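Q: Let me begin by handing over the structure; questions about it come next.
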Amino acid sequence: MEIKRRDFLKLFSAASGAVILGGCGFDDTFALPDELLEKLKKGPGIETWKNTVCRLCPGGCGIRVRLIDDVPVYVKGNPIHPVNQGGMCPLGLNALHLLYNPDRVRSPLKRTGKPGEGKWQQISWDEALKTISDALVKLRNEGKAHQVSFLGHNEHGLMHEFIARFMKAYGSPNYYQFSSFQNDGIAYSLVQGHSQIPSYDFLNATLILSFGANFLEEGYSPIYYTKLYSHHQDRGTRYIQIEPRISLTAANADRWIPLRPGTYGALALGIAYVLIREELYDAEFVRTHTHGFEDWTDRSGEKHLGFKSIVLGNYYPERVSEITGVSSETILEIAREVGVAQRVVVLGDQGTIDNTNGTFTLMAVHSLNALLGNFEKEGGIFFIDVPPFGKLHTILDDVAARTGNQQKPIARPPDDTFPLTHFSIESFTKNILADQPYPLSVLFLYKGNPLFQTLNQHDFAKALTKIPLVVSFDSVINETSEYAHLLLPDHTFLEAWEEISNVPSVGFSHLSIQQPVVAPFYDTKHTGDVLLELAKRIGGTVAASFPFEGYQEAIKLRMKGVYESGEGAVVSEGMKKLWLEYLQQRGWHAGRYESFEGFWDQLLERGGWWNPVRKQRNWNAIFQTPSGKFEFYSSKLKTAIESLIKKDGGKSVSQSMELILNELNISARGDSVYLPHYEPVPYEPDMPLYLTTFQVLPNRDGEGSNLPMMQEMFGYSRRQWWRSWVEIHPETAAMYGISDESWVWVESSVGNLKVQVKIVPGIMSHVIAIPFGMGHTSYGRYAKGHGVNPYSIMRNLYDVLSGKPALEATKVRISPVS
Amino acid sequence: MKIRRVIIASFVLIISILWAQQIELPKNPLQGQIVFEEKQCIECHAIGGYGGTEGPDLSQELYFGSVLELASIIWNHTPQMNRKFRQLRMDRPQFTQEEMLDLFGFLYYLRYLGEPGSVAKGKKLLEAKGCKVCHAVAGKGGTVGPDFEQLQQYDSPLYLVQAMWNHGETMQEELKKSGMTFPTLTGQDISDIAAYIRQATTGNVVIRMAPGDPTEGKTIFRDKQCENCHLVEGKVKKVGPNLSRIELKKGVTEVASLMWNHGPKMLESMKKESIEWPHFKTNEMADLIAYLYFLGFEDKPGDEADGERTFTAKGCTDCHKKGGGGRGPDLASIKRFDSPIRMIQLMWNHASEMEDLLITQNKELPQLSTKEMRDLYAYLRKMTQK
């Protein structure tokens with residue numbers, strides 16, 4: 001069943017009228033269990049509020065749910081939650097639409113037709129779990145435990161630990177996430193020695209220089225950043241946004257600097273050139289805490305070029321201008337502004353890392369933080385502490401587990417491309433198709449929608465059909481779960497327990513408790529509880545590794561550690577960092593709880609815990625590199641590449657090096673390989689236009705598409721609803737004789753899409769942009785059949801160091817639809 | 001003569017009971033920090049270095065007075081503060097009675113919270129006080145008591161005092177046996193010692209206490225039978241000193257040190273009276289000391305007659321005329337003053353208006369000492385009761 005916008009508006013107005021008239025006909029738009037409908041028909045009753053966490057994006061916003069007679073009727077931001085401080089985005093405000101979504105899976109399902117045919121048979125939980133546990137036990141008994149894989153989404157906190165525990169106890173090294181924060185952290189790990197994504201002190205900075213980080217819309221936690229941004233006027237903070245298209249962040253910045261896709265690294269190094277040339281960098285920090293800035297000689301006596309030489313020799317403004325399309329004057333101007341501003345935060349994200357050269361680009365961007373001495377400084381960048389969680393029971397293993405865990409992970413490619421990451425969707429897909437290093441027998445899919453979100457959709461679908469047993473844990477059927485043999489419905493987040501902690505880049509240690517605000521509507525189970533049940537059925541050391549009554553008990557065990565540590569405080573009104581610091585320095589903790597139960601009750605009542613007071617770290621903890629410093633010259637990258645050369649026996653080192661660098665698509669040679677540098681993107685020369693994509697706040701990575709109000713808001717900035725569009729600069733449009741609102745074909749070497757034109761000045765000439773999130777072929781009545789998926793025409797290219805898909809590496813041509 | 005004494009004593013008791021009921025003990029004095037921020041006090045004033053620098057840091061000793069002492073300081077400071085508001089284009093905040101109580105409670109409470117200790121001083125003290133005769137640090141020292149390295153991280157110095165207190169009886173006996181003098185503590189000693197132990201220990205659990213709740217403390221005072229020996233109100237002679245007469249407006253560890261120093265004498269008296277040595281658990285010592293600390297929050301009664309004289313001498317009657325007719329209301333006609341906080345709240349909220357009027361009349365805002373504040377309140381309270 002598909003719903004068009006016109007249908008939805010009719011249904012919605014009918015439903016609104018029906019509510020006024022007593023609730024009849026409400027379930028055409030939203031599916032409410034009869035019991036709840038009956039309650040609503042009785043009129044207003046007792047009002048209660050419950051705090052929990054929004055899970056519609058990874059942002060971790062605290063929310064308050066209003067219940068009338070225990071029926072959730074409204075959601076708003078939790079004003080005392082430190083992440084969002086009461087703020088909410090449209091997606092979060094529509095959380096109830098997920099709960100009442102008519103396309104929710106209501107019981108375990110077994111696929112009876114071909115993928116996508118929509119033929120499912122309802123089965124009992126017992127039958128589903130028996131099928132899975134029988135398969136798992138059989139594989140384990142045959143010494144093939146490693147042939148089981150778990151592909152998660154962006155889960156972190158306890159659920160991440162729970163899945164990892166299950167896989168380790170069972171005996172498989174194949175737990176992966178797509179997309180994963182770990183892939184995002186590769187560039188950081190090369191220069192700072194660990195992959196922790198930094199937090200940025202926006203509040204105390206005087207200048208924010210963002211390289212393609214659309215933090216107000218696509219960041220890890222957009223509302224957190226919106227709250228920080230809201231202080232820019234009273235604090236006099238200046239924002240400079242660099243990206244080809246004017247995003248929500250650029251639109252709110254003091255200055256937008258457009259540049260060609262894939263050239264952020266060159267611009268960062270152009271700015272570094274001016275900072276070094278004009279001595280505007282923090283020389284003391286660079287001298288004390290960095291490695292590889294000046295030319296140097298290693299222990300064997302070999303001389304190496306430093307960052308300074310490479311930058312001064314190659315990245316002068318005129319050359320950078322040719323690469324980026326940003327004028328030399330602008331480069332000088334920004335660099336001088338950065339150099340004289342007292343507290344500058346430099347950050348990169350989406351645009352920076354989503355390309356074939358993402359790792360080197362982010363290294364170049366991050367090297368500006370090192371030049372400015374920004375680490376652990378007010379108005380700079382810093383790293384937050386992990387909350388003091390209680391330890392769960394030891395994971396037990398047996399011979400089967402040990403044998404399985406020692407097998408080569410299936411996501412590691414045989415040819416060792418992606419040398420720095422443990423997972424890439426590309427190698428995962430290829431290996432499944434090639435049965436390398438072994439066939440995959442069972443795949444668990446936990447939420448997410450990799451088939452919709454990957455570039456190589458055809459191969460990934462083929463790989464899914466090859467696996468004998470695919471099990472999906474989700475609340476709705478999407479493109480990926482269409483391929484599952486069994487679909488085990490999870491609760492929605494409003495019906496489930498969860499613990500969410502340390503959302504990347506949020507500036508303080510924190511955790512939130514997601515508690516059920518309502519009992520599950522349907523015959524669904526928490527995936528954590530399903531894993532517990534499976535562990536019990538497998539028995540032995542697997543069962544013994546899960547000595548919990550339920551998932552909630554595991555959350556409480558983790559929280560006991562937080563309680564016992566005496567650190568931080570349960571979130572409360574007005575308890576800001578400075579007070580906590582004042583109290584902690586004097587040996588007090590804020591809040592009053594004389595037992596763990598009291599602490600737990602407060603956590604549930606208020607929604608979370610936080611500790612804005614960071615522990616003092618020495619420089620060896622901040623930079624966990626071999627030199628204990630920020631490494632312009634990355635020892636880790638050098639070691640990784642050298643280890644590939646050693647494996648390639650028989651050839652001379654230089655021949656072997658050449659081969660490896662070619663395989664890794666690294667065009668630089670010599671010391672530049674290990675230093676932040678600009679690596680050109682292999683664009684197809686015969687294609688004239690750059691294709692870029694972006695996410696919108698009401699949809700994020702396509703997950704908002706099954707919420708009708710979010711489809712209604714999809715193109716709020718361009719007045720486009722329930723459909724995709726392509727943004728084109730007026731000059732580009734004139735060049736092709738294209739008018740506003742007309743339809744065009746966007747054609748790449750992979751395929752083409754028919755899409756409607758929006759002519760906007762807020763995009764660079766020769767660049768076009770299509771939003772991501774539409775183009776579903778599944779995912780429920782509100783998502784299916786609207787708009788296009790730009791990933792479907794993108795070339796299957798990756799950043800070979802981080803394994804991240806290159807979302808801005810495709811060029812296209814356009815032509816009017818005749 | 002005897003009857004007269006009884007009447008006077010009863011009168012004093014009734015008065016003090018009535019007076020004592022005027023300001024409720026705050027359950028969570030830290031609540032006032034929300035007011036401190038919301039009313040933007042923090043824009044100009046810092047607490048321990050956190051906050052604005054336009055005005056003085058309010059964690060200085062000067063501001064740790066009773067309600068009316070602090071009110072006197074703030075009132076006398078009104079013209080300067082008003083000038084600052086105008087310069088910074090800020091509105092002078094208005095307070096409800098509850099907000100004013102929270103704010104005063106919070107500012108008063110700051111001293112109780114204490115100051116961070118010094119590791120270097122703590123190390124020296126540990127030697128000087130003879131602690132290492134019985135206790136070791138990383139194996140170096142005595143073996144009678146536990147090695148400090150094995151302890152958890154007592155981030156809260158008070159927790160250390162509480163632990164010492166709880167085994168005070170045994171410790172005193174051990175000291176007697178070994179002929180050592182009882183180690184007394186002063187000032188910041190215990191905070192310094194705790195700071196040293198914290199960095200010396202290998203324990204990974206940080207132990208902190210919640211800031212004391214004075215209302216809980218009152219219950220503990222009763223439950224631990226402290227009132228058997230100590231008086232906090234009235235004049236009946238008891239074994240121990242009247243705690244309302246001892247200066248307890250000190251940091252929590254300073255008060256705890258006083259208790260500690262008093263331990264041997266107390267143990268002796270308790271043995272005589274067959275009372276058991278009180279043990280404290282969880283947050284009890286913090287609560288008890290918070291209660292004792294807040295004994296000094298409320299002022300002693302003022303003198304109504306002096307208050308009336310002040311009211312006239314300071315020119316209040318120019319506006320607040322009896323029977324009305326002045327620029328301000330006849331105070332006898334307004335709602336009863338049931339707490340000094342109400343008087344302070346009203347004075348604060350109309351201070352700007354009053355100052356403007358006085359400027360136009362070429363008069364200065366009258367300065368009020370603490371005694372004058374107390375007397376004024378006594379007089380106004382009497383007046384509004386009518």
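Naming scheme: A, B, ... for chains in displayed order of the structure tokens; residues 1 onward per chain; ligands 1 onward as shown.
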Compute the set of chain A residues within 8 Å of chain B, using only C-alpha atoms, and express it as a compact mmCIF listing (two decimals) with N, CA and C atoms, in the first residue's frame.
A:
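Saved to iface-v5.txt:
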# COMPACT_ATOMS: atom_id res chain seq x y z
N GLU A 564 28.07 4.26 42.32
CA GLU A 564 29.15 4.02 43.30
C GLU A 564 30.36 4.93 43.07
N SER A 565 30.53 5.39 41.85
CA SER A 565 31.69 6.24 41.57
C SER A 565 31.60 7.60 42.26
N GLY A 566 30.38 8.03 42.55
CA GLY A 566 30.21 9.36 43.16
C GLY A 566 30.49 10.49 42.19
N GLU A 567 30.75 10.15 40.94
CA GLU A 567 31.07 11.20 39.96
C GLU A 567 29.80 11.80 39.38
N GLU A 573 17.65 20.76 37.33
CA GLU A 573 17.49 22.14 36.92
C GLU A 573 18.64 23.00 37.45
N GLY A 574 19.22 23.74 36.59
CA GLY A 574 20.20 24.75 37.02
C GLY A 574 21.56 24.21 37.44
N MET A 575 21.74 22.87 37.50
CA MET A 575 23.03 22.35 37.96
C MET A 575 24.00 22.34 36.78
N LEU A 578 29.74 24.72 36.23
CA LEU A 578 30.54 25.42 37.23
C LEU A 578 30.17 25.02 38.64
N TYR A 582 32.51 23.23 41.31
CA TYR A 582 32.68 23.85 42.63
C TYR A 582 32.46 22.81 43.72
N LEU A 583 31.37 22.03 43.56
CA LEU A 583 31.06 21.01 44.57
C LEU A 583 32.08 19.88 44.56
N GLN A 584 32.42 19.42 43.37
CA GLN A 584 33.34 18.27 43.29
C GLN A 584 34.72 18.61 43.85
N GLN A 585 35.16 19.83 43.62
CA GLN A 585 36.47 20.23 44.16
C GLN A 585 36.48 20.14 45.68
N ARG A 586 35.30 20.30 46.27
CA ARG A 586 35.19 20.29 47.72
C ARG A 586 34.72 18.94 48.26
N GLY A 587 34.63 17.95 47.36
CA GLY A 587 34.28 16.60 47.80
C GLY A 587 32.80 16.31 47.90
N TRP A 588 31.97 17.11 47.26
CA TRP A 588 30.52 16.88 47.33
C TRP A 588 30.03 16.37 45.98
N HIS A 589 28.96 15.62 46.02
CA HIS A 589 28.28 15.34 44.77
C HIS A 589 26.93 16.03 44.82
N ALA A 590 26.46 16.41 43.64
CA ALA A 590 25.17 17.08 43.62
C ALA A 590 24.08 16.02 43.65
N GLY A 591 22.97 16.35 44.18
CA GLY A 591 21.88 15.37 44.24
C GLY A 591 22.00 14.55 45.50
N ARG A 592 20.90 13.96 45.86
CA ARG A 592 20.87 13.24 47.13
C ARG A 592 20.19 11.90 46.93
N GLU A 594 20.47 8.04 48.88
CA GLU A 594 21.21 7.30 49.90
C GLU A 594 21.32 5.83 49.57
Q: Contacts of Met180 in chain B at 12 Å or less, counting only C-alpha atoms, minus same-chain residues fewer than 4 places along, as a PyMOL selection string?
A: chain B and resi 129-131+133-134+171-176+184
Q: Could you save the residues just selected, with C-alpha atoms, as an mmCIF file, in the first residue's frame?
A:
data_model
loop_
_atom_site.group_PDB
_atom_site.id
_atom_site.type_symbol
_atom_site.label_atom_id
_atom_site.label_comp_id
_atom_site.auth_asym_id
_atom_site.auth_seq_id
_atom_site.Cartn_x
_atom_site.Cartn_y
_atom_site.Cartn_z
ATOM 1 C CA LYS B 129 49.758 14.700 63.765
ATOM 2 C CA GLY B 130 51.376 11.309 64.270
ATOM 3 C CA CYS B 131 48.911 9.532 61.969
ATOM 4 C CA VAL B 133 52.457 5.881 63.903
ATOM 5 C CA CYS B 134 49.372 3.749 63.373
ATOM 6 C CA MET B 171 41.133 5.060 68.503
ATOM 7 C CA GLN B 172 41.089 6.930 71.784
ATOM 8 C CA GLU B 173 41.730 3.692 73.631
ATOM 9 C CA GLU B 174 44.613 2.803 71.296
ATOM 10 C CA LEU B 175 46.108 6.254 71.792
ATOM 11 C CA LYS B 176 45.849 5.912 75.548
ATOM 12 C CA THR B 184 43.488 17.663 67.355
#
Q: Which neighbours of Asp103 in chain A fall inside 10 Å, counting only C-alpha atoms, when residues of the same chain fewer than 5 positions from it are skipped, and could you give them as a PyMOL selection string?
A: chain A and resi 1+30-31+98+475-477+706+779-782
Q: I need the chosen residues saved as an mmCIF file, in the first residue's frame, with C-alpha atoms.
A:
data_model
loop_
_atom_site.group_PDB
_atom_site.id
_atom_site.type_symbol
_atom_site.label_atom_id
_atom_site.label_comp_id
_atom_site.auth_asym_id
_atom_site.auth_seq_id
_atom_site.Cartn_x
_atom_site.Cartn_y
_atom_site.Cartn_z
ATOM 1 C CA MET A 1 0.000 0.000 0.000
ATOM 2 C CA PHE A 30 -2.360 6.133 12.829
ATOM 3 C CA ALA A 31 -2.849 2.664 14.184
ATOM 4 C CA LEU A 98 6.468 5.949 14.906
ATOM 5 C CA SER A 475 9.872 -2.462 14.012
ATOM 6 C CA VAL A 476 9.083 -1.969 10.333
ATOM 7 C CA ILE A 477 9.954 -3.743 7.093
ATOM 8 C CA ASN A 706 7.886 6.461 7.182
ATOM 9 C CA TYR A 779 9.617 0.916 4.405
ATOM 10 C CA GLY A 780 5.872 1.337 4.653
ATOM 11 C CA ARG A 781 3.049 3.201 2.982
ATOM 12 C CA TYR A 782 4.370 6.694 3.698
#
Q: Identify, on the basis of only C-alpha atoms, every residue whose closest approach to Ala809 in chain A does not exceed 10 Å; exclude the query and any residue fewer than 5 positions from it along the same chain; express the result as a PyMOL selection string.
A: chain A and resi 261-262+354-357+681-684+690-692+794-799
Q: Based on the selection just made, write C-alpha atoms of those residues as a short mmCIF file (atom, residue, chain, number, x, y, z; two decimals), in the first residue's frame.
A:
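Wrote again.cif, looks like this:
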data_model
loop_
_atom_site.label_atom_id
_atom_site.label_comp_id
_atom_site.auth_asym_id
_atom_site.auth_seq_id
_atom_site.Cartn_x
_atom_site.Cartn_y
_atom_site.Cartn_z
CA PRO A 261 33.56 19.06 -3.71
CA GLY A 262 36.49 16.97 -2.62
CA ASP A 354 32.49 11.48 2.60
CA ASN A 355 34.89 11.23 -0.30
CA THR A 356 37.69 9.05 -1.60
CA ASN A 357 40.21 11.39 0.04
CA VAL A 681 39.35 12.59 -6.26
CA PRO A 682 39.25 10.36 -9.38
CA TYR A 683 36.34 12.15 -11.01
CA GLU A 684 35.34 11.07 -14.51
CA TYR A 690 29.60 17.38 -9.43
CA LEU A 691 26.81 15.45 -7.71
CA THR A 692 26.49 16.12 -4.00
CA MET A 794 26.68 7.00 -7.43
CA ARG A 795 29.86 5.26 -8.37
CA ASN A 796 30.88 2.51 -6.03
CA LEU A 797 33.87 4.35 -4.61
CA TYR A 798 35.24 4.42 -1.09
CA ASP A 799 37.81 6.12 1.02
#
Q: Out of range 641-690 of chain A, which residues get alpha helix (DSSP H) from DSSP, as a PyMOL selection string?
A: chain A and resi 641-647+653-663
Q: Restricting the output to N, CA and C atoms, write the selected residues as an mmCIF file, in the first residue's frame.
A:
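Ended up saving to selection.cif:
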data_model
loop_
_atom_site.group_PDB
_atom_site.id
_atom_site.type_symbol
_atom_site.label_atom_id
_atom_site.label_comp_id
_atom_site.auth_asym_id
_atom_site.auth_seq_id
_atom_site.Cartn_x
_atom_site.Cartn_y
_atom_site.Cartn_z
ATOM 1 N N ILE A 641 51.104 0.871 6.215
ATOM 2 C CA ILE A 641 51.508 0.692 4.812
ATOM 3 C C ILE A 641 52.734 -0.218 4.718
ATOM 4 N N GLU A 642 53.662 -0.053 5.645
ATOM 5 C CA GLU A 642 54.847 -0.918 5.632
ATOM 6 C C GLU A 642 54.492 -2.376 5.873
ATOM 7 N N SER A 643 53.458 -2.588 6.702
ATOM 8 C CA SER A 643 53.077 -3.981 6.961
ATOM 9 C C SER A 643 52.499 -4.607 5.692
ATOM 10 N N LEU A 644 51.874 -3.810 4.835
ATOM 11 C CA LEU A 644 51.355 -4.339 3.572
ATOM 12 C C LEU A 644 52.509 -4.685 2.636
ATOM 13 N N ILE A 645 53.554 -3.849 2.694
ATOM 14 C CA ILE A 645 54.718 -4.101 1.830
ATOM 15 C C ILE A 645 55.388 -5.414 2.223
ATOM 16 N N LYS A 646 55.507 -5.646 3.520
ATOM 17 C CA LYS A 646 56.169 -6.865 4.000
ATOM 18 C C LYS A 646 55.435 -8.108 3.509
ATOM 19 N N LYS A 647 54.101 -7.975 3.446
ATOM 20 C CA LYS A 647 53.318 -9.135 3.026
ATOM 21 C C LYS A 647 53.542 -9.441 1.541
ATOM 22 N N VAL A 653 61.287 -3.214 -2.337
ATOM 23 C CA VAL A 653 60.459 -2.371 -1.476
ATOM 24 C C VAL A 653 59.810 -1.252 -2.289
ATOM 25 N N SER A 654 60.606 -0.630 -3.178
ATOM 26 C CA SER A 654 60.032 0.497 -3.924
ATOM 27 C C SER A 654 58.950 0.027 -4.899
ATOM 28 N N GLN A 655 59.174 -1.129 -5.517
ATOM 29 C CA GLN A 655 58.141 -1.664 -6.428
ATOM 30 C C GLN A 655 56.872 -1.992 -5.631
ATOM 31 N N SER A 656 57.109 -2.643 -4.548
ATOM 32 C CA SER A 656 55.999 -3.059 -3.716
ATOM 33 C C SER A 656 55.223 -1.844 -3.198
ATOM 34 N N MET A 657 55.973 -0.849 -2.760
ATOM 35 C CA MET A 657 55.370 0.404 -2.264
ATOM 36 C C MET A 657 54.498 1.028 -3.356
ATOM 37 N N GLU A 658 55.033 1.068 -4.552
ATOM 38 C CA GLU A 658 54.308 1.648 -5.675
ATOM 39 C C GLU A 658 52.976 0.920 -5.879
ATOM 40 N N LEU A 659 53.064 -0.415 -5.838
ATOM 41 C CA LEU A 659 51.860 -1.218 -6.032
ATOM 42 C C LEU A 659 50.813 -0.944 -4.942
ATOM 43 N N ILE A 660 51.310 -0.936 -3.727
ATOM 44 C CA ILE A 660 50.402 -0.728 -2.582
ATOM 45 C C ILE A 660 49.736 0.645 -2.668
ATOM 46 N N LEU A 661 50.538 1.664 -2.940
ATOM 47 C CA LEU A 661 49.969 3.021 -2.994
ATOM 48 C C LEU A 661 48.948 3.121 -4.131
ATOM 49 N N ASN A 662 49.237 2.465 -5.228
ATOM 50 C CA ASN A 662 48.256 2.473 -6.331
ATOM 51 C C ASN A 662 46.971 1.777 -5.907
ATOM 52 N N GLU A 663 47.119 0.643 -5.208
ATOM 53 C CA GLU A 663 45.931 -0.078 -4.738
ATOM 54 C C GLU A 663 45.117 0.767 -3.779
#
Q: Residues near range 78-84 of chain B, anyone? I mean within 9 Å using only C-alpha atoms, not counting same-chain ones fewer than 6 positions away, as a list in words.
A: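 Selected residues are Glu54, Gly55, Met90, Arg92, Trp348, Ala351, Ser352, Glu355 and Leu365 of chain B.
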Q: Save out the residues we just selected, N, CA and C atoms, as a short mmCIF file (atom, residue, chain, number, x, y, z; two decimals), in the first residue's frame.
A:
data_model
loop_
_atom_site.label_atom_id
_atom_site.label_comp_id
_atom_site.auth_asym_id
_atom_site.auth_seq_id
_atom_site.Cartn_x
_atom_site.Cartn_y
_atom_site.Cartn_z
N GLU B 54 32.20 41.99 37.74
CA GLU B 54 31.77 43.38 37.98
C GLU B 54 31.60 43.63 39.49
N GLY B 55 31.01 42.66 40.16
CA GLY B 55 30.79 42.78 41.60
C GLY B 55 31.73 41.85 42.34
N MET B 90 20.98 46.42 32.40
CA MET B 90 20.27 45.24 32.92
C MET B 90 19.10 45.70 33.77
N ARG B 92 16.89 45.52 37.06
CA ARG B 92 17.11 45.06 38.43
C ARG B 92 16.13 43.91 38.68
N TRP B 348 14.15 45.12 48.85
CA TRP B 348 14.91 44.94 47.60
C TRP B 348 14.07 45.36 46.39
N ALA B 351 13.70 49.09 46.05
CA ALA B 351 14.90 49.91 46.32
C ALA B 351 15.19 50.91 45.21
N SER B 352 14.91 50.51 43.98
CA SER B 352 15.19 51.40 42.85
C SER B 352 14.29 52.63 42.91
N GLU B 355 15.32 54.86 45.70
CA GLU B 355 16.54 55.61 45.42
C GLU B 355 16.25 56.78 44.47
N LEU B 365 20.37 57.44 50.23
CA LEU B 365 19.66 56.25 50.68
C LEU B 365 20.17 55.94 52.09
#
